[in-house]
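Peer 1: Could you have a look at this structure, given as structure tokens, before my questions?
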Amino acid sequence: MSEPTTTDQGGARPLTTPVPSADGLRRVVSAVLSDLRSVDGALYAAVAATPTPTLDRALRRISHAADHSKISFAIAGALALGGSRSRRAALVGVGAIAVASASANVLGKRLVRRDRPDREAARVTVDRHVPMPTSASFPSGHTASAVAFATAVGTVLPAASVPLGALAGAVGYSRIHTGVHYPGDVAAGAVLGIASAATALAVASARLPHSYGNSRPVRGQ
């Protein structure tokens, strides 16, 4: 039995739209990923080719200071000296860093195994250079940890959200500027950082509901 057809200006065509095969879907996904990699590489090359001598040293120092989350731990230490709310913010911030670091380094990098950018081929100026890590490029662990800390602390201490968010953004961009990450690595790290902060906040709220949650003790109990 033939497939029903309809006419359009004298031509016959099927009434139903053919469903793409699994191979066709894979080809589409592969093509989209290839295009995204091309955009990622182009953005990386554009940053590398843009002369910014005034920013180079500052961003290199920020990138160095973010190694092993030193900036975030220093801020957490300062917060721990404050009141109870600041101490809670410091605790959940450190927990978010732990989740982000494990997710990025133990899971993300081992699953994706993306090669680091070719900094020499892109002609990233030596004034920007920091040591090129030997781990996989995707996702950016520095960004994940910085964003996780900023999001978690900013949730508990809203007044800190803007400065910490700006600092996390600077850390993420510094990894592109110094040539050790593609922009896509940093974007993925930021998403992972937000998810890690949400996880840390949920755990803290479950374990200490009166400190992190919205519930309040009922008077007389």
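How things are named: the first chain in the structure tokens is A, the next is B, and so on; residues count from 1 in each chain; ligands count from 1 in the order shown.
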Find the spatial neighbours of segment 187-202 of chain A, counting only C-alpha atoms, within a cut-off of 9 Å - ignore same-chain residues fewer than 6 positions away - and output them as a PDB file with N, CA, C and O atoms, in the first residue's frame.

Peer 2:
ATOM      1  N   VAL A  92      29.843  26.451  54.551  1.00  0.00           N
ATOM      2  CA  VAL A  92      29.175  25.952  53.352  1.00  0.00           C
ATOM      3  C   VAL A  92      29.988  26.301  52.107  1.00  0.00           C
ATOM      4  O   VAL A  92      29.987  25.544  51.121  1.00  0.00           O
ATOM      5  N   GLY A  93      30.728  27.404  52.144  1.00  0.00           N
ATOM      6  CA  GLY A  93      31.583  27.753  51.019  1.00  0.00           C
ATOM      7  C   GLY A  93      32.704  26.746  50.824  1.00  0.00           C
ATOM      8  O   GLY A  93      33.001  26.325  49.691  1.00  0.00           O
ATOM      9  N   VAL A  94      33.327  26.340  51.917  1.00  0.00           N
ATOM     10  CA  VAL A  94      34.391  25.335  51.835  1.00  0.00           C
ATOM     11  C   VAL A  94      33.818  23.995  51.372  1.00  0.00           C
ATOM     12  O   VAL A  94      34.434  23.278  50.578  1.00  0.00           O
ATOM     13  N   GLY A  95      32.614  23.668  51.856  1.00  0.00           N
ATOM     14  CA  GLY A  95      31.972  22.437  51.385  1.00  0.00           C
ATOM     15  C   GLY A  95      31.692  22.466  49.893  1.00  0.00           C
ATOM     16  O   GLY A  95      31.875  21.462  49.193  1.00  0.00           O
ATOM     17  N   ALA A  96      31.281  23.625  49.391  1.00  0.00           N
ATOM     18  CA  ALA A  96      31.019  23.761  47.952  1.00  0.00           C
ATOM     19  C   ALA A  96      32.303  23.588  47.145  1.00  0.00           C
ATOM     20  O   ALA A  96      32.288  22.981  46.062  1.00  0.00           O
ATOM     21  N   ILE A  97      33.407  24.113  47.660  1.00  0.00           N
ATOM     22  CA  ILE A  97      34.700  23.933  46.977  1.00  0.00           C
ATOM     23  C   ILE A  97      35.037  22.450  46.892  1.00  0.00           C
ATOM     24  O   ILE A  97      35.508  21.960  45.853  1.00  0.00           O
ATOM     25  N   ALA A  98      34.823  21.721  47.988  1.00  0.00           N
ATOM     26  CA  ALA A  98      35.136  20.294  48.005  1.00  0.00           C
ATOM     27  C   ALA A  98      34.331  19.541  46.953  1.00  0.00           C
ATOM     28  O   ALA A  98      34.867  18.689  46.221  1.00  0.00           O
ATOM     29  N   VAL A  99      33.036  19.856  46.854  1.00  0.00           N
ATOM     30  CA  VAL A  99      32.188  19.185  45.868  1.00  0.00           C
ATOM     31  C   VAL A  99      32.634  19.547  44.453  1.00  0.00           C
ATOM     32  O   VAL A  99      32.746  18.674  43.578  1.00  0.00           O
ATOM     33  N   ALA A 100      32.910  20.831  44.216  1.00  0.00           N
ATOM     34  CA  ALA A 100      33.306  21.277  42.873  1.00  0.00           C
ATOM     35  C   ALA A 100      34.640  20.676  42.457  1.00  0.00           C
ATOM     36  O   ALA A 100      34.808  20.234  41.314  1.00  0.00           O
ATOM     37  N   SER A 101      35.592  20.663  43.378  1.00  0.00           N
ATOM     38  CA  SER A 101      36.914  20.130  43.048  1.00  0.00           C
ATOM     39  C   SER A 101      36.845  18.653  42.714  1.00  0.00           C
ATOM     40  O   SER A 101      37.443  18.185  41.724  1.00  0.00           O
ATOM     41  N   SER A 103      34.195  16.982  41.683  1.00  0.00           N
ATOM     42  CA  SER A 103      33.419  16.790  40.454  1.00  0.00           C
ATOM     43  C   SER A 103      34.248  17.117  39.216  1.00  0.00           C
ATOM     44  O   SER A 103      34.196  16.408  38.206  1.00  0.00           O
ATOM     45  N   ALA A 104      35.018  18.205  39.294  1.00  0.00           N
ATOM     46  CA  ALA A 104      35.802  18.619  38.132  1.00  0.00           C
ATOM     47  C   ALA A 104      37.000  17.711  37.885  1.00  0.00           C
ATOM     48  O   ALA A 104      37.238  17.280  36.752  1.00  0.00           O
ATOM     49  N   PHE A 138      39.062  20.104  30.246  1.00  0.00           N
ATOM     50  CA  PHE A 138      37.617  20.278  30.481  1.00  0.00           C
ATOM     51  C   PHE A 138      37.173  19.485  31.696  1.00  0.00           C
ATOM     52  O   PHE A 138      37.439  18.289  31.787  1.00  0.00           O
ATOM     53  N   PRO A 139      36.476  20.131  32.639  1.00  0.00           N
ATOM     54  CA  PRO A 139      36.160  21.568  32.754  1.00  0.00           C
ATOM     55  C   PRO A 139      37.252  22.292  33.540  1.00  0.00           C
ATOM     56  O   PRO A 139      38.192  21.659  34.027  1.00  0.00           O
ATOM     57  N   SER A 140      37.120  23.596  33.700  1.00  0.00           N
ATOM     58  CA  SER A 140      38.079  24.368  34.478  1.00  0.00           C
ATOM     59  C   SER A 140      37.811  24.175  35.964  1.00  0.00           C
ATOM     60  O   SER A 140      36.791  24.619  36.482  1.00  0.00           O
ATOM     61  N   GLY A 141      38.749  23.522  36.654  1.00  0.00           N
ATOM     62  CA  GLY A 141      38.595  23.312  38.084  1.00  0.00           C
ATOM     63  C   GLY A 141      38.690  24.598  38.878  1.00  0.00           C
ATOM     64  O   GLY A 141      37.985  24.774  39.880  1.00  0.00           O
ATOM     65  N   HIS A 142      39.575  25.507  38.451  1.00  0.00           N
ATOM     66  CA  HIS A 142      39.693  26.808  39.126  1.00  0.00           C
ATOM     67  C   HIS A 142      38.351  27.543  39.106  1.00  0.00           C
ATOM     68  O   HIS A 142      37.903  28.079  40.120  1.00  0.00           O
ATOM     69  N   THR A 143      37.723  27.556  37.934  1.00  0.00           N
ATOM     70  CA  THR A 143      36.445  28.258  37.799  1.00  0.00           C
ATOM     71  C   THR A 143      35.359  27.578  38.611  1.00  0.00           C
ATOM     72  O   THR A 143      34.562  28.246  39.293  1.00  0.00           O
ATOM     73  N   ALA A 144      35.305  26.265  38.544  1.00  0.00           N
ATOM     74  CA  ALA A 144      34.274  25.528  39.282  1.00  0.00           C
ATOM     75  C   ALA A 144      34.354  25.829  40.771  1.00  0.00           C
ATOM     76  O   ALA A 144      33.332  26.105  41.419  1.00  0.00           O
ATOM     77  N   SER A 145      35.562  25.798  41.327  1.00  0.00           N
ATOM     78  CA  SER A 145      35.719  26.036  42.761  1.00  0.00           C
ATOM     79  C   SER A 145      35.396  27.479  43.130  1.00  0.00           C
ATOM     80  O   SER A 145      34.734  27.744  44.140  1.00  0.00           O
ATOM     81  N   ALA A 146      35.861  28.426  42.314  1.00  0.00           N
ATOM     82  CA  ALA A 146      35.609  29.839  42.613  1.00  0.00           C
ATOM     83  C   ALA A 146      34.126  30.174  42.536  1.00  0.00           C
ATOM     84  O   ALA A 146      33.591  30.888  43.390  1.00  0.00           O
ATOM     85  N   VAL A 147      33.450  29.669  41.517  1.00  0.00           N
ATOM     86  CA  VAL A 147      32.014  29.932  41.373  1.00  0.00           C
ATOM     87  C   VAL A 147      31.231  29.218  42.469  1.00  0.00           C
ATOM     88  O   VAL A 147      30.263  29.774  43.019  1.00  0.00           O
ATOM     89  N   ALA A 148      31.631  28.009  42.807  1.00  0.00           N
ATOM     90  CA  ALA A 148      30.949  27.278  43.878  1.00  0.00           C
ATOM     91  C   ALA A 148      31.043  28.046  45.195  1.00  0.00           C
ATOM     92  O   ALA A 148      30.042  28.197  45.913  1.00  0.00           O
ATOM     93  N   PHE A 149      32.228  28.529  45.513  1.00  0.00           N
ATOM     94  CA  PHE A 149      32.417  29.278  46.760  1.00  0.00           C
ATOM     95  C   PHE A 149      31.597  30.562  46.749  1.00  0.00           C
ATOM     96  O   PHE A 149      30.891  30.887  47.718  1.00  0.00           O
ATOM     97  N   ALA A 150      31.669  31.310  45.654  1.00  0.00           N
ATOM     98  CA  ALA A 150      30.946  32.581  45.562  1.00  0.00           C
ATOM     99  C   ALA A 150      29.442  32.374  45.669  1.00  0.00           C
ATOM    100  O   ALA A 150      28.741  33.139  46.347  1.00  0.00           O
ATOM    101  N   THR A 151      28.927  31.336  44.999  1.00  0.00           N
ATOM    102  CA  THR A 151      27.481  31.079  45.015  1.00  0.00           C
ATOM    103  C   THR A 151      27.014  30.652  46.398  1.00  0.00           C
ATOM    104  O   THR A 151      25.984  31.132  46.900  1.00  0.00           O
ATOM    105  N   ALA A 152      27.757  29.751  47.030  1.00  0.00           N
ATOM    106  CA  ALA A 152      27.363  29.250  48.342  1.00  0.00           C
ATOM    107  C   ALA A 152      27.430  30.344  49.402  1.00  0.00           C
ATOM    108  O   ALA A 152      26.477  30.549  50.164  1.00  0.00           O
ATOM    109  N   VAL A 153      28.541  31.070  49.446  1.00  0.00           N
ATOM    110  CA  VAL A 153      28.691  32.130  50.443  1.00  0.00           C
ATOM    111  C   VAL A 153      27.695  33.250  50.172  1.00  0.00           C
ATOM    112  O   VAL A 153      27.077  33.797  51.098  1.00  0.00           O
ATOM    113  N   THR A 155      24.804  33.047  48.931  1.00  0.00           N
ATOM    114  CA  THR A 155      23.452  32.649  49.316  1.00  0.00           C
ATOM    115  C   THR A 155      23.226  32.875  50.808  1.00  0.00           C
ATOM    116  O   THR A 155      22.152  33.308  51.227  1.00  0.00           O
ATOM    117  N   VAL A 156      24.243  32.584  51.599  1.00  0.00           N
ATOM    118  CA  VAL A 156      24.121  32.771  53.052  1.00  0.00           C
ATOM    119  C   VAL A 156      24.337  34.240  53.435  1.00  0.00           C
ATOM    120  O   VAL A 156      23.665  34.756  54.333  1.00  0.00           O
ATOM    121  N   ALA A 168      35.069  35.569  41.193  1.00  0.00           N
ATOM    122  CA  ALA A 168      34.974  34.288  40.484  1.00  0.00           C
ATOM    123  C   ALA A 168      35.040  34.495  38.974  1.00  0.00           C
ATOM    124  O   ALA A 168      35.682  33.714  38.257  1.00  0.00           O
ATOM    125  N   GLY A 169      34.393  35.555  38.485  1.00  0.00           N
ATOM    126  CA  GLY A 169      34.474  35.857  37.059  1.00  0.00           C
ATOM    127  C   GLY A 169      35.893  36.177  36.619  1.00  0.00           C
ATOM    128  O   GLY A 169      36.334  35.762  35.542  1.00  0.00           O
ATOM    129  N   GLY A 172      37.860  32.923  36.435  1.00  0.00           N
ATOM    130  CA  GLY A 172      37.538  32.180  35.222  1.00  0.00           C
ATOM    131  C   GLY A 172      38.174  32.792  33.984  1.00  0.00           C
ATOM    132  O   GLY A 172      38.802  32.088  33.185  1.00  0.00           O
ATOM    133  N   TYR A 212      20.591  26.867  58.079  1.00  0.00           N
ATOM    134  CA  TYR A 212      20.632  27.111  56.640  1.00  0.00           C
ATOM    135  C   TYR A 212      19.265  27.075  55.979  1.00  0.00           C
ATOM    136  O   TYR A 212      19.107  27.562  54.879  1.00  0.00           O
ATOM    137  N   GLY A 213      18.289  26.491  56.636  1.00  0.00           N
ATOM    138  CA  GLY A 213      16.985  26.357  56.009  1.00  0.00           C
ATOM    139  C   GLY A 213      16.053  27.477  56.397  1.00  0.00           C
ATOM    140  O   GLY A 213      16.406  28.426  57.090  1.00  0.00           O
TER     141      GLY A 213
END

Peer 1: I need the residues in segment 7-130 of chain A that are strand (DSSP E or B) according to DSSP; give them as a list in words.

Peer 2: Thr7, Asp8, Gly11, Ala12, Arg13 and Pro14 of chain A

Peer 1: Those same residues - N, CA and C atoms - I'd like them written as a PDB file, in the first residue's frame.

Peer 2:
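The resulting part-v9.pdb:
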ATOM      1  N   THR A   7      -0.745  17.208  -2.611  1.00  0.00           N
ATOM      2  CA  THR A   7      -0.152  17.942  -3.720  1.00  0.00           C
ATOM      3  C   THR A   7       0.133  19.362  -3.318  1.00  0.00           C
ATOM      4  N   ASP A   8       1.225  19.912  -3.817  1.00  0.00           N
ATOM      5  CA  ASP A   8       1.621  21.301  -3.577  1.00  0.00           C
ATOM      6  C   ASP A   8       2.138  21.851  -4.884  1.00  0.00           C
ATOM      7  N   GLY A  11       2.972  19.059  -7.330  1.00  0.00           N
ATOM      8  CA  GLY A  11       3.928  18.026  -6.946  1.00  0.00           C
ATOM      9  C   GLY A  11       3.405  17.213  -5.794  1.00  0.00           C
ATOM     10  N   ALA A  12       3.684  15.944  -5.773  1.00  0.00           N
ATOM     11  CA  ALA A  12       3.238  15.063  -4.686  1.00  0.00           C
ATOM     12  C   ALA A  12       4.333  14.941  -3.647  1.00  0.00           C
ATOM     13  N   ARG A  13       3.944  14.929  -2.340  1.00  0.00           N
ATOM     14  CA  ARG A  13       4.899  14.730  -1.256  1.00  0.00           C
ATOM     15  C   ARG A  13       4.197  13.974  -0.138  1.00  0.00           C
ATOM     16  N   PRO A  14       4.934  13.227   0.674  1.00  0.00           N
ATOM     17  CA  PRO A  14       4.316  12.445   1.752  1.00  0.00           C
ATOM     18  C   PRO A  14       3.684  13.353   2.788  1.00  0.00           C
TER      19      PRO A  14
END

Peer 1: In terms of the shortest atom-to-atom distance over only C-alpha atoms, which of A:Leu91, A:Leu25, A:Ile71, A:Ala136 is closest to Leu111 of chain A?

Peer 2: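 Smallest separation from Leu111 of chain A among the options: A:Ala136.
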
Peer 1: List as CSV every residue of segment 96-212 of chain A that is in contact with segment 45-49 of chain A, defined as an atom at most 7 Å from one of its atoms (using only C-alpha atoms), together with the nearest atom pair and the distance in Å rounded to one decimal, sorted by chain and then rising number.

Peer 2:
residue,atom,partner,partner_atom,distance
A:Ala122,CA,A:Ala45,CA,5.9
A:Arg123,CA,A:Ala48,CA,6.7
A:Val124,CA,A:Ala48,CA,5.0
A:His177,CA,A:Val47,CA,6.5

Peer 1: List the neighbours of Leu43 of chain A out to 12 Å using only C-alpha atoms; skip same-chain residues closer than 5 positions along the sequence, and give me the result as a PyMOL selection string.

Peer 2: chain A and resi 36-38+48-50+117+122+173+176-177+179+181-185

Peer 1: Determine the nearest neighbour of Val186 of chain A from the options A:Val32, A:Gly24, A:Val112, A:Asp40, counting only C-alpha atoms.

Peer 2: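 Of the candidates, the smallest distance to Val186 of chain A is held by A:Asp40.
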